[in-house]
file data.txt (compact mmCIF, C-alpha atoms)
# COMPACT_ATOMS: atom_id res chain seq x y z
CA ALA A 1 -1.65 -4.37 -35.22
CA PHE A 2 1.95 -5.40 -34.43
CA LEU A 3 4.43 -7.48 -36.40
CA GLY A 4 5.24 -10.61 -34.43
CA HIS A 5 8.95 -11.06 -33.74
CA SER A 6 8.56 -14.86 -33.70
CA ASP A 7 7.08 -14.72 -37.19
CA LEU A 8 9.83 -12.37 -38.32
CA ARG A 9 12.61 -14.66 -37.00
CA THR A 10 10.98 -17.72 -38.56
CA ARG A 11 10.61 -15.98 -41.93
CA VAL A 12 14.31 -15.04 -41.98
CA LEU A 13 15.95 -18.00 -40.20
CA GLY A 14 13.51 -20.83 -40.86
CA LEU A 15 11.73 -22.55 -37.98
CA ASP A 16 14.54 -25.01 -37.17
CA ARG A 17 17.12 -22.26 -36.64
CA ALA A 18 14.64 -19.81 -35.09
CA VAL A 19 14.08 -22.13 -32.10
CA SER A 20 17.71 -22.99 -31.50
CA GLY A 21 19.55 -21.29 -28.67
CA LYS A 22 22.84 -21.94 -30.50
CA VAL A 23 21.91 -19.90 -33.58
CA ARG A 24 22.84 -16.23 -33.84
CA PRO A 25 21.57 -14.38 -36.92
CA SER A 26 24.25 -13.12 -39.29
CA GLU A 27 24.60 -9.46 -40.17
CA ALA A 28 22.79 -10.13 -43.46
CA GLU A 29 19.93 -11.85 -41.61
CA LEU A 30 19.60 -9.02 -39.11
CA ALA A 31 19.51 -6.55 -41.99
CA LYS A 32 16.76 -8.63 -43.61
CA MET A 33 14.74 -8.52 -40.35
CA GLU A 34 15.12 -4.75 -40.32
CA THR A 35 13.89 -4.58 -43.92
CA PHE A 36 10.81 -6.68 -43.19
CA LEU A 37 10.06 -4.63 -40.06
CA GLY A 38 10.37 -1.42 -42.05
CA ASP A 39 7.99 -2.82 -44.68
CA ALA A 40 5.51 -3.69 -41.93
CA LEU A 41 5.65 -0.16 -40.52
CA ASP A 42 5.20 1.25 -44.02
CA ALA A 43 2.10 -0.92 -44.38
CA GLY A 44 0.62 0.66 -41.25
CA LEU A 45 1.46 -1.71 -38.41
CA LEU A 46 2.03 -0.02 -35.06
CA GLY A 47 5.30 -1.68 -34.19
CA LEU A 48 6.90 -4.95 -33.09
CA SER A 49 5.63 -7.53 -30.59
CA THR A 50 8.33 -9.60 -28.87
CA MET A 51 8.31 -12.24 -26.13
CA THR A 52 10.88 -12.89 -23.41
CA ASN A 53 8.81 -15.12 -21.11
CA PRO A 54 9.70 -18.80 -21.77
CA TRP A 55 6.41 -20.42 -20.74
CA ASP A 56 4.51 -20.05 -24.02
CA LYS A 57 5.38 -23.05 -26.21
CA LEU A 58 4.97 -24.31 -29.76
CA ASP A 59 2.42 -26.99 -30.58
CA GLY A 60 2.58 -29.37 -33.54
CA ASP A 61 5.06 -32.16 -34.25
CA ARG A 62 8.25 -30.52 -35.58
CA HIS A 63 9.30 -28.62 -32.45
CA ARG A 64 6.62 -29.41 -29.92
CA SER A 65 7.22 -27.69 -26.55
CA ALA A 66 9.99 -25.45 -27.91
CA GLN A 67 9.75 -21.88 -26.64
CA LEU A 68 8.47 -19.23 -29.02
CA PRO A 69 11.17 -18.12 -31.49
CA SER A 70 11.30 -14.61 -30.04
CA THR A 71 12.56 -15.93 -26.68
CA TYR A 72 15.76 -17.27 -28.31
CA ALA A 73 16.88 -13.81 -29.44
CA THR A 74 19.70 -11.99 -27.66
CA TRP A 75 19.32 -8.43 -26.40
CA GLY A 76 21.68 -7.47 -29.19
CA GLU A 77 19.11 -8.66 -31.73
CA TYR A 78 16.31 -6.92 -29.85
CA ARG A 79 18.26 -3.67 -29.79
CA ARG A 80 18.80 -3.71 -33.56
CA LEU A 81 15.05 -3.83 -34.05
CA HIS A 82 14.39 -1.40 -31.18
CA SER A 83 16.62 1.14 -32.93
CA LEU A 84 14.46 1.01 -36.03
CA LEU A 85 11.29 1.36 -33.94
CA ARG A 86 12.81 4.34 -32.14
CA GLU A 87 13.85 5.94 -35.42
CA ARG A 88 10.36 5.52 -36.89
CA GLY A 89 8.47 6.54 -33.74
CA ALA A 90 6.90 3.06 -33.62
CA ILE A 91 5.99 0.98 -30.56
CA LEU A 92 7.51 -2.03 -28.86
CA GLN A 93 5.07 -4.42 -27.21
CA SER A 94 6.48 -7.28 -25.14
CA ALA A 95 6.05 -9.58 -22.17
CA PRO A 96 8.78 -9.57 -19.52
CA SER A 97 10.19 -12.83 -18.22
CA LEU A 98 8.18 -14.19 -15.31
CA VAL A 99 11.06 -16.52 -14.43
CA THR A 100 13.53 -13.85 -13.30
CA LYS A 101 11.01 -10.99 -12.96
CA VAL A 102 13.90 -8.54 -13.34
CA ASN A 103 14.28 -8.06 -17.07
CA SER A 104 11.52 -5.46 -16.84
CA LEU A 105 14.42 -3.17 -15.90
CA LEU A 106 16.03 -3.85 -19.27
CA PHE A 107 12.80 -2.80 -20.98
CA LEU A 108 12.77 0.33 -18.86
CA LEU A 109 16.29 1.18 -19.99
CA GLU A 110 15.38 0.50 -23.62
CA SER A 111 12.34 2.74 -23.31
CA ALA A 112 14.22 5.66 -21.75
CA GLY A 113 15.74 8.42 -23.84
CA LEU A 114 19.42 8.65 -22.91
CA PHE A 115 21.62 11.58 -23.90
CA PHE A 116 20.77 12.23 -27.56
CA ARG A 117 18.76 9.01 -28.00
CA LYS A 118 15.00 9.21 -28.54
CA SER A 119 12.77 7.39 -26.11
CA LEU A 120 11.12 4.18 -27.30
CA LYS A 121 7.41 3.81 -26.73
CA THR A 122 7.08 0.50 -24.89
CA THR A 123 4.06 -1.40 -23.59
CA LEU A 124 4.42 -4.51 -21.46
CA ILE A 125 1.99 -7.31 -20.68
CA THR A 126 0.82 -7.20 -17.97
CA MET A 127 0.38 -5.26 -14.74
CA ALA A 128 -1.62 -7.52 -12.44
CA ASP A 129 -1.93 -7.95 -8.69
CA ALA A 130 -0.83 -11.59 -8.62
CA LYS A 131 -1.70 -13.74 -5.62
CA SER A 132 1.71 -15.39 -5.95
CA SER A 133 3.65 -12.09 -5.77
CA PRO A 134 1.47 -9.25 -4.47
CA GLY A 135 3.00 -5.79 -4.88
CA LEU A 136 5.26 -6.63 -7.83
CA HIS A 137 2.90 -4.74 -10.15
CA ARG A 138 3.99 -1.41 -8.63
CA VAL A 139 7.22 -1.10 -10.69
CA MET A 140 6.89 1.83 -13.13
CA GLY A 141 8.91 4.34 -15.14
CA GLY A 142 10.07 5.68 -18.50
CA ASP A 143 7.91 6.10 -21.60
CA LEU A 144 6.58 2.70 -20.72
CA ARG A 145 2.97 1.61 -20.32
CA TRP A 146 1.91 -1.54 -18.56
CA GLN A 147 -1.29 -3.09 -19.82
CA THR A 148 -3.68 -3.66 -16.96
CA LEU A 149 -7.04 -5.34 -16.63
CA PRO A 150 -10.00 -3.76 -14.79
CA THR A 151 -11.35 -7.15 -13.72
CA PRO A 152 -10.43 -10.13 -11.56
CA PHE A 153 -7.95 -12.32 -13.48
CA GLU A 154 -9.89 -15.58 -13.43
CA VAL A 155 -8.84 -18.46 -15.69
CA TYR A 156 -10.51 -21.73 -16.66
CA ALA A 157 -8.92 -25.02 -17.66
CA ASP A 158 -9.90 -28.32 -19.22
CA GLY A 159 -7.99 -31.02 -17.37
CA ILE A 160 -4.33 -30.06 -17.18
CA ASP A 161 -4.40 -27.86 -20.30
CA LEU A 162 -3.43 -24.51 -18.83
CA VAL A 163 -0.28 -22.48 -19.53
CA VAL A 164 0.55 -22.01 -15.83
CA PHE A 165 1.62 -25.66 -15.68
CA GLU A 166 4.55 -24.64 -17.89
CA GLU A 167 5.97 -22.95 -14.77
CA PHE A 168 7.47 -26.17 -13.40
CA GLY A 169 9.03 -29.36 -14.70
CA ALA A 170 6.25 -31.83 -13.88
CA GLY A 171 3.69 -29.63 -15.60
CA GLU A 172 5.90 -29.21 -18.66
CA ALA A 173 6.34 -32.98 -18.92
CA ALA A 174 2.58 -33.59 -19.01
CA LEU A 175 1.83 -30.80 -21.49
CA HIS A 176 4.58 -32.02 -23.81
CA LEU A 177 2.63 -35.26 -24.43
CA ALA A 178 -0.02 -34.72 -27.08
CA ASP A 179 -1.92 -38.02 -26.84
CA GLU A 180 -4.12 -38.77 -23.85
CA VAL A 181 -2.91 -42.36 -23.39
CA SER A 182 0.73 -41.34 -22.90
CA ARG A 183 -0.23 -38.40 -20.72
CA ASN A 184 -2.41 -40.57 -18.47
CA ALA A 185 0.33 -43.17 -18.13
CA LEU A 186 2.69 -40.44 -16.97
CA MET A 187 0.21 -38.99 -14.48
CA LYS A 188 -0.41 -42.44 -12.95
CA ASP A 189 3.30 -42.98 -12.34
CA SER A 190 4.20 -42.71 -8.64
CA GLU A 191 7.59 -41.08 -9.25
CA TYR A 192 5.97 -38.46 -11.50
CA ARG A 193 3.44 -37.71 -8.77
CA ARG A 194 6.21 -37.22 -6.23
CA SER A 195 7.90 -34.82 -8.65
CA PHE A 196 4.63 -32.92 -9.16
CA ARG A 197 4.16 -32.64 -5.39
CA ARG A 198 7.69 -31.28 -4.95
CA ASP A 199 7.07 -28.62 -7.59
CA TYR A 200 3.64 -27.80 -6.13
CA GLU A 201 5.05 -27.34 -2.61
CA LYS A 202 8.12 -25.27 -3.51
CA LYS A 203 7.86 -21.96 -1.69
CA TRP A 204 10.44 -19.87 -3.55
CA SER A 205 10.13 -20.64 -7.26
CA PRO A 206 9.08 -18.33 -10.12
CA ARG A 207 5.35 -18.46 -10.53
CA VAL A 208 2.17 -16.79 -11.72
CA TRP A 209 -0.21 -19.45 -10.39
CA GLN A 210 -0.41 -19.47 -6.60
CA ARG A 211 -0.33 -23.31 -6.65
CA ASP A 212 -3.19 -23.85 -4.25
CA PHE A 213 -5.68 -26.56 -5.15
CA TYR A 214 -7.89 -25.33 -2.31
CA ASP A 215 -8.31 -22.24 -4.48
CA ALA A 216 -9.27 -24.15 -7.64
CA HIS A 217 -12.97 -24.83 -8.12
CA ILE A 218 -14.45 -27.63 -10.25
CA VAL A 219 -17.22 -26.29 -12.50
CA GLU A 220 -17.90 -29.27 -14.80
CA CYS A 221 -17.24 -33.01 -14.46
CA PRO A 222 -18.99 -36.28 -15.41
CA ASP A 223 -18.80 -37.08 -11.68
CA SER A 224 -21.39 -34.62 -10.39
CA THR A 225 -20.41 -35.24 -6.76
CA VAL A 226 -17.26 -33.14 -7.17
CA VAL A 227 -18.83 -30.20 -9.05
CA GLY A 228 -18.72 -27.03 -6.99
CA LYS A 229 -15.92 -28.29 -4.76
CA THR A 230 -12.25 -27.42 -4.77
CA PHE A 231 -9.62 -30.07 -5.47
CA GLY A 232 -8.50 -29.55 -1.90
CA GLU A 233 -11.97 -30.39 -0.60
CA VAL A 234 -12.07 -33.51 -2.77
CA ALA A 235 -8.66 -34.48 -1.40
CA ASP A 236 -9.82 -34.03 2.18
CA ALA A 237 -12.88 -36.20 1.57
CA ARG A 238 -10.72 -38.93 0.00
CA LYS A 239 -7.94 -38.48 2.59
CA ILE A 240 -5.26 -37.96 -0.07
CA HIS A 241 -2.93 -35.12 -1.12
CA PRO A 242 -4.53 -32.35 -3.26
CA VAL A 243 -2.08 -33.13 -6.10
CA ASP A 244 -3.26 -36.76 -6.13
CA ALA A 245 -6.90 -35.65 -6.13
CA PHE A 246 -6.24 -33.37 -9.11
CA LEU A 247 -4.26 -35.96 -11.09
CA ASP A 248 -6.81 -38.72 -10.32
CA LEU A 249 -9.64 -36.61 -11.71
CA VAL A 250 -7.62 -35.58 -14.79
CA VAL A 251 -6.73 -39.22 -15.54
CA GLU A 252 -10.34 -40.30 -15.09
CA HIS A 253 -12.10 -37.50 -16.94
CA GLY A 254 -9.49 -35.73 -19.11
CA LYS A 255 -10.73 -32.54 -20.72
CA LYS A 256 -14.26 -33.16 -19.45
CA LEU A 257 -12.96 -31.94 -16.09
CA ARG A 258 -13.34 -28.15 -16.16
CA TRP A 259 -12.19 -25.93 -13.34
CA ARG A 260 -11.38 -22.32 -12.56
CA THR A 261 -9.08 -20.32 -10.32
CA LEU A 262 -8.46 -16.65 -9.61
CA ILE A 263 -4.74 -15.99 -10.06
CA ALA A 264 -4.61 -12.18 -9.89
CA ASN A 265 -6.58 -8.98 -9.31
CA HIS A 266 -8.29 -10.53 -6.29
CA ARG A 267 -8.27 -7.28 -4.30
CA PRO A 268 -10.87 -4.76 -5.60
CA ARG A 269 -9.05 -1.71 -4.21
CA GLU A 270 -5.82 -2.73 -5.97
CA ILE A 271 -7.72 -3.03 -9.26
CA GLU A 272 -9.02 0.50 -8.71
CA ARG A 273 -5.48 1.71 -8.03
CA MET A 274 -4.07 0.03 -11.14
CA VAL A 275 -6.72 1.37 -13.54
CA SER A 276 -6.06 4.86 -12.14
CA GLU A 277 -2.29 4.57 -12.69
CA PRO A 278 -1.13 7.05 -15.38
CA ALA A 279 1.65 4.65 -16.48
CA ALA A 280 -0.88 1.94 -17.36
CA LEU A 281 -3.04 1.38 -20.40
CA VAL A 282 -6.36 -0.27 -19.64
CA GLY A 283 -6.49 -3.34 -21.85
CA PHE A 284 -4.89 -6.77 -21.96
CA ALA A 285 -7.95 -8.43 -23.44
CA ASP A 286 -5.71 -11.23 -24.78
CA SER A 287 -8.47 -11.61 -27.35
CA GLY A 288 -8.34 -14.90 -29.21
CA ALA A 289 -5.15 -16.17 -27.55
CA HIS A 290 -6.59 -18.46 -24.87
CA ILE A 291 -10.09 -19.21 -26.08
CA ARG A 292 -10.82 -21.92 -23.50
CA ASN A 293 -9.07 -20.24 -20.59
CA MET A 294 -10.07 -16.59 -20.37
CA ALA A 295 -12.26 -13.90 -21.93
CA PHE A 296 -11.66 -10.23 -21.20
CA TYR A 297 -12.93 -8.81 -24.50
CA SER A 298 -15.38 -6.48 -22.73
CA PHE A 299 -12.76 -4.70 -20.62
CA PRO A 300 -13.99 -1.19 -21.63
CA LEU A 301 -17.46 -1.94 -20.28
CA ARG A 302 -15.98 -3.60 -17.22
CA LEU A 303 -14.01 -0.42 -16.45
CA LEU A 304 -17.17 1.69 -16.76
CA LYS A 305 -18.94 -0.77 -14.44
CA LEU A 306 -16.12 -0.57 -11.89
CA VAL A 307 -16.30 3.23 -11.84
CA ARG A 308 -20.10 3.28 -11.68
CA ASP A 309 -20.21 0.66 -8.90
CA ALA A 310 -17.86 2.78 -6.79
CA SER A 311 -19.99 5.85 -7.46
CA LEU A 312 -23.14 4.03 -6.31
CA GLU A 313 -21.26 3.15 -3.11
CA GLY A 314 -20.45 6.82 -2.56
CA ARG A 315 -16.79 6.51 -3.59
CA THR A 316 -14.87 8.02 -6.53
CA VAL A 317 -12.32 5.99 -8.47
CA MET A 318 -12.30 8.52 -11.30
CA PRO A 319 -14.92 10.66 -13.05
CA ILE A 320 -16.93 8.68 -15.60
CA GLU A 321 -15.65 11.02 -18.33
CA ARG A 322 -12.10 10.05 -17.38
CA ALA A 323 -13.04 6.36 -17.51
CA VAL A 324 -14.46 6.77 -21.03
CA HIS A 325 -11.31 8.59 -22.14
CA ARG A 326 -9.05 5.89 -20.63
CA VAL A 327 -10.53 3.23 -22.94
CA THR A 328 -10.91 5.44 -26.03
CA GLY A 329 -8.87 8.57 -26.73
CA GLU A 330 -6.05 7.86 -24.29
CA ILE A 331 -5.27 4.50 -25.87
CA GLY A 332 -5.64 5.89 -29.37
CA ASP A 333 -3.37 8.85 -28.67
CA TRP A 334 -0.59 6.77 -27.09
CA LEU A 335 -0.68 4.19 -29.88
CA GLY A 336 -0.80 6.91 -32.54
CA VAL A 337 -4.16 5.74 -33.90
CA ASP A 338 -6.58 8.40 -35.14
CA ALA A 339 -9.50 7.21 -33.04
CA GLY A 340 -11.17 7.67 -29.68
CA HIS A 341 -12.30 11.32 -29.91
CA LEU A 342 -15.55 13.08 -30.76
CA ARG A 343 -14.39 15.86 -33.06
CA GLU A 344 -15.76 17.51 -36.15
CA GLY A 345 -14.26 15.89 -39.22
CA ASP A 346 -13.32 12.60 -37.48
CA ARG A 347 -14.75 9.20 -38.30
CA ALA A 348 -17.99 8.79 -36.35
CA ASP A 349 -17.08 5.58 -34.55
CA LEU A 350 -19.47 5.51 -31.61
CA VAL A 351 -20.77 3.12 -28.98
CA VAL A 352 -23.94 4.06 -27.12
CA VAL A 353 -23.89 2.60 -23.60
CA ASP A 354 -26.83 2.31 -21.20
CA PRO A 355 -25.30 2.86 -17.73
CA VAL A 356 -28.24 1.14 -16.02
CA ALA A 357 -27.16 -2.13 -17.63
CA LEU A 358 -23.58 -1.90 -16.34
CA ASP A 359 -24.36 -4.56 -13.76
CA ALA A 360 -23.59 -8.18 -12.80
CA ARG A 361 -24.60 -9.39 -16.26
CA LEU A 362 -21.22 -8.22 -17.57
CA ASP A 363 -19.48 -10.65 -15.21
CA ALA A 364 -21.49 -13.72 -16.28
CA TYR A 365 -19.79 -16.73 -17.87
CA HIS A 366 -20.66 -17.52 -21.51
CA GLU A 367 -19.46 -19.88 -24.24
CA ALA A 368 -20.13 -19.91 -27.99
CA ASP A 369 -19.50 -22.32 -30.85
CA MET A 370 -16.56 -21.61 -33.15
CA GLU A 371 -17.76 -21.98 -36.72
CA GLY A 372 -15.47 -24.22 -38.76
CA PHE A 373 -13.81 -25.81 -35.74
CA GLY A 374 -16.10 -28.76 -35.12
CA ASP A 375 -17.42 -28.95 -31.57
CA LEU A 376 -14.87 -26.48 -30.17
CA ARG A 377 -16.42 -23.79 -27.98
CA ARG A 378 -14.74 -20.62 -26.81
CA MET A 379 -15.30 -18.31 -23.88
CA VAL A 380 -17.02 -15.04 -24.79
CA ASN A 381 -18.43 -11.95 -23.09
CA ARG A 382 -21.96 -10.61 -23.50
CA SER A 383 -23.06 -7.02 -23.01
CA ASP A 384 -26.71 -8.03 -22.40
CA GLY A 385 -28.21 -4.58 -22.86
CA ALA A 386 -25.26 -2.41 -21.88
CA VAL A 387 -24.45 -1.59 -25.53
CA ALA A 388 -27.47 -0.06 -27.20
CA CYS A 389 -25.98 0.87 -30.56
CA VAL A 390 -22.70 0.75 -32.48
CA LEU A 391 -21.81 3.09 -35.34
CA VAL A 392 -18.78 2.67 -37.57
CA ASN A 393 -17.84 5.74 -39.61
CA GLY A 394 -21.31 7.16 -39.05
CA ARG A 395 -23.22 4.08 -40.17
CA VAL A 396 -25.22 1.92 -37.80
CA ALA A 397 -23.42 -1.40 -37.51
CA CYS A 398 -25.54 -2.84 -34.71
CA LEU A 399 -28.77 -1.64 -33.09
CA LEU A 400 -29.53 -3.84 -30.10
CA TYR A 401 -32.51 -2.10 -28.53
CA THR A 402 -34.13 1.25 -27.94
CA SER A 403 -34.67 2.32 -24.36
CA PRO A 404 -37.09 5.19 -23.70
CA SER A 405 -36.65 4.41 -20.01
CA PRO A 406 -34.94 1.68 -18.00
CA ARG A 407 -38.37 0.16 -17.30
CA ASP A 408 -39.53 0.11 -20.91
CA ARG A 409 -37.01 -1.69 -23.09
CA THR A 410 -37.94 -3.19 -26.44
CA ARG A 411 -35.68 -5.41 -28.51

call {"tool": "encode", "arguments": {"input": "data.txt", "output": "structure tokens"}}
result
Amino acid sequence: AFLGHSDLRTRVLGLDRAVSGKVRPSEAELAKMETFLGDALDAGLLGLSTMTNPWDKLDGDRHRSAQLPSTYATWGEYRRLHSLLRERGAILQSAPSLVTKVNSLLFLLESAGLFFRKSLKTTLITMADAKSSPGLHRVMGGDLRWQTLPTPFEVYADGIDLVVFEEFGAGEAALHLADEVSRNALMKDSEYRRSFRRDYEKKWSPRVWQRDFYDAHIVECPDSTVVGKTFGEVADARKIHPVDAFLDLVVEHGKKLRWRTLIANHRPREIERMVSEPAALVGFADSGAHIRNMAFYSFPLRLLKLVRDASLEGRTVMPIERAVHRVTGEIGDWLGVDAGHLREGDRADLVVVDPVALDARLDAYHEADMEGFGDLRRMVNRSDGAVACVLVNGRVACLLYTSPSPRDRTR
């Protein structure tokens, strides 16, 4: 629903110039970006999506491991496009830099209305209670909405293929190598391993991952003796450093080594506080972006489950009506989308939810084949009975079951 700034820069500058820190767009090129952005808004897009965090990288052969084009823009370029968004009442979506963790203040200033300037609707990814920097998620202000997730932020990885390894030099070096032979040769090198250990043990470096292999659990591996253990436990059994245990297993098994770790939202009460925060939008599904690493597509149901679980425990996070509104009308209203309300004359877009089925099934791990992509499988969520029926514009799109009573369900 947003025009991607990286795509916009590449369309105007060409990929080679778009990923060069030495290139500054000319006045004519900036004007062309403004024209394309205006056309996108005319076509119905909600606004512009930019990126200032340097860890997301390009794949392919031409500029492998270059940062996304949007990260090479100056704030002068951003402000030109922000002005058009502000003028049109459109939205800026972005991700603040996790390296400095301070440019969120620049977004706050951009969002604020100053003197005769209109405010700029801004949404940032993401507000999370990170293990590596607890408490940082409490920075708020302006007409700015953080996107927050009503679930533990658990990620999975195949071997070393996980974006958090872009946080430090040794991880970047491994991810830059596309072929397994070269990557394995690097990871066997003793000097590389020393470098990896130094990065792993640094106490005061920018990070999202808590860098704790005792908090990283192996879920699949051809060597069944390590399944269910942490890399730290494997290291202890082999009397080696956790980094060596991890790299040994990656070299031996490659992407057949699958593991998981919880990097944020590990404290249930903090999740409850974040989803109740007025300056946050419940969302951040990241749908389709990291298909082997995370799946938060069902965040609306997970919020309803969180609220219901608290209610069953005798606590109140928010009324269930408020929870429904947070993932329907509130999001629609802030984004300027005509959706999320039950009103006469509106499109009848409805989801019928069975509250009895808002249980542990929503948290279960699932994978599904991706048609047209060979043997690639992606992480998915299942509602498993929580969603009884879906209507789009008044027409039944999906009828999953009828439920006269919780004890008498028929498919």

call {"tool": "residues_around", "arguments": {"input": "data.txt", "residues": "range 48-52 of chain A", "least_positions_apart": "3", "cutoff": "9 Å", "atoms": "only C-alpha atoms", "output": "PyMOL selection string"}}
result
chain A and resi 1-6+37+41+45+56+68-73+78+81-82+85+90-98+103

call {"tool": "write_last_selection", "arguments": {"input": "data.txt", "atoms": "C-alpha atoms", "output": "PDB file, in the coordinates of the input"}}
result
ATOM      1  CA  ALA A   1      -1.650  -4.370 -35.220  1.00  0.00           C
ATOM      2  CA  PHE A   2       1.950  -5.400 -34.430  1.00  0.00           C
ATOM      3  CA  LEU A   3       4.430  -7.480 -36.400  1.00  0.00           C
ATOM      4  CA  GLY A   4       5.240 -10.610 -34.430  1.00  0.00           C
ATOM      5  CA  HIS A   5       8.950 -11.060 -33.740  1.00  0.00           C
ATOM      6  CA  SER A   6       8.560 -14.860 -33.700  1.00  0.00           C
ATOM      7  CA  LEU A  37      10.060  -4.630 -40.060  1.00  0.00           C
ATOM      8  CA  LEU A  41       5.650  -0.160 -40.520  1.00  0.00           C
ATOM      9  CA  LEU A  45       1.460  -1.710 -38.410  1.00  0.00           C
ATOM     10  CA  ASP A  56       4.510 -20.050 -24.020  1.00  0.00           C
ATOM     11  CA  LEU A  68       8.470 -19.230 -29.020  1.00  0.00           C
ATOM     12  CA  PRO A  69      11.170 -18.120 -31.490  1.00  0.00           C
ATOM     13  CA  SER A  70      11.300 -14.610 -30.040  1.00  0.00           C
ATOM     14  CA  THR A  71      12.560 -15.930 -26.680  1.00  0.00           C
ATOM     15  CA  TYR A  72      15.760 -17.270 -28.310  1.00  0.00           C
ATOM     16  CA  ALA A  73      16.880 -13.810 -29.440  1.00  0.00           C
ATOM     17  CA  TYR A  78      16.310  -6.920 -29.850  1.00  0.00           C
ATOM     18  CA  LEU A  81      15.050  -3.830 -34.050  1.00  0.00           C
ATOM     19  CA  HIS A  82      14.390  -1.400 -31.180  1.00  0.00           C
ATOM     20  CA  LEU A  85      11.290   1.360 -33.940  1.00  0.00           C
ATOM     21  CA  ALA A  90       6.900   3.060 -33.620  1.00  0.00           C
ATOM     22  CA  ILE A  91       5.990   0.980 -30.560  1.00  0.00           C
ATOM     23  CA  LEU A  92       7.510  -2.030 -28.860  1.00  0.00           C
ATOM     24  CA  GLN A  93       5.070  -4.420 -27.210  1.00  0.00           C
ATOM     25  CA  SER A  94       6.480  -7.280 -25.140  1.00  0.00           C
ATOM     26  CA  ALA A  95       6.050  -9.580 -22.170  1.00  0.00           C
ATOM     27  CA  PRO A  96       8.780  -9.570 -19.520  1.00  0.00           C
ATOM     28  CA  SER A  97      10.190 -12.830 -18.220  1.00  0.00           C
ATOM     29  CA  LEU A  98       8.180 -14.190 -15.310  1.00  0.00           C
ATOM     30  CA  ASN A 103      14.280  -8.060 -17.070  1.00  0.00           C
TER      31      ASN A 103
END

call {"tool": "closest_residue", "arguments": {"input": "data.txt", "among": "A:Asp384, A:Asp199, A:Asp359, A:Asp333", "to": "Arg211 in chain A", "atoms": "only C-alpha atoms"}}
result
A:Asp199

call {"tool": "closest_residue", "arguments": {"input": "data.txt", "among": "A:His266, A:His290, A:Arg183, A:Arg9", "to": "Gln210 in chain A", "atoms": "only C-alpha atoms"}}
result
A:His266

call {"tool": "residues_near_point", "arguments": {"input": "data.txt", "point": "(16.5, -15.9, -39.7)", "cutoff": "12 Å", "atoms": "all atoms listed in the file", "output": "ChimeraX atom specification"}}
result
/A:5-20,23-34,36,69-70,72-73,77

call {"tool": "atom_distance", "arguments": {"input": "data.txt", "atom1": "CA of Leu84 in chain A", "atom2": "CA of Ala280 in chain A"}}
result
24.2 Å

call {"tool": "atom_distance", "arguments": {"input": "data.txt", "atom1": "CA of Thr122 in chain A", "atom2": "CA of Asn53 in chain A"}}
result
16.2 Å

call {"tool": "residues_near_point", "arguments": {"input": "data.txt", "point": "(-7.2, -26.6, -3.8)", "cutoff": "10 Å", "atoms": "only C-alpha atoms", "output": "count of residues only"}}
result
22

call {"tool": "residues_around", "arguments": {"input": "data.txt", "residues": "Ala170 in chain A", "least_positions_apart": "2", "cutoff": "10 Å", "atoms": "all atoms listed in the file", "output": "ChimeraX atom specification"}}
result
/A:165-168,172-175,186-187,192-200

call {"tool": "atom_distance", "arguments": {"input": "data.txt", "atom1": "CA of Leu120 in chain A", "atom2": "CA of Gly38 in chain A"}}
result
15.8 Å

call {"tool": "closest_residue", "arguments": {"input": "data.txt", "among": "A:Trp334, A:Trp204, A:Tyr156, A:Phe296", "to": "Lys255 in chain A", "atoms": "all atoms listed in the file"}}
result
A:Tyr156

call {"tool": "closest_residue", "arguments": {"input": "data.txt", "among": "A:Thr148, A:Val396, A:Asp189, A:Tyr297", "to": "Met127 in chain A", "atoms": "all atoms listed in the file"}}
result
A:Thr148

call {"tool": "closest_residue", "arguments": {"input": "data.txt", "among": "A:Asp375, A:Ala348, A:Thr225, A:Glu367", "to": "Val390 in chain A", "atoms": "only C-alpha atoms"}}
result
A:Ala348

call {"tool": "closest_residue", "arguments": {"input": "data.txt", "among": "A:Asp129, A:Asp39, A:Glu191, A:Asp286", "to": "Val380 in chain A", "atoms": "all atoms listed in the file"}}
result
A:Asp286

call {"tool": "residues_around", "arguments": {"input": "data.txt", "residues": "Leu262 in chain A", "least_positions_apart": "3", "cutoff": "7 Å", "atoms": "only C-alpha atoms", "output": "ChimeraX atom specification"}}
result
/A:153-155,266

call {"tool": "write_last_selection", "arguments": {"input": "data.txt", "atoms": "C-alpha atoms", "output": "compact mmCIF listing (two decimals), in the frame of the given file"}}
result
# COMPACT_ATOMS: atom_id res chain seq x y z
CA PHE A 153 -7.95 -12.32 -13.48
CA GLU A 154 -9.89 -15.58 -13.43
CA VAL A 155 -8.84 -18.46 -15.69
CA HIS A 266 -8.29 -10.53 -6.29
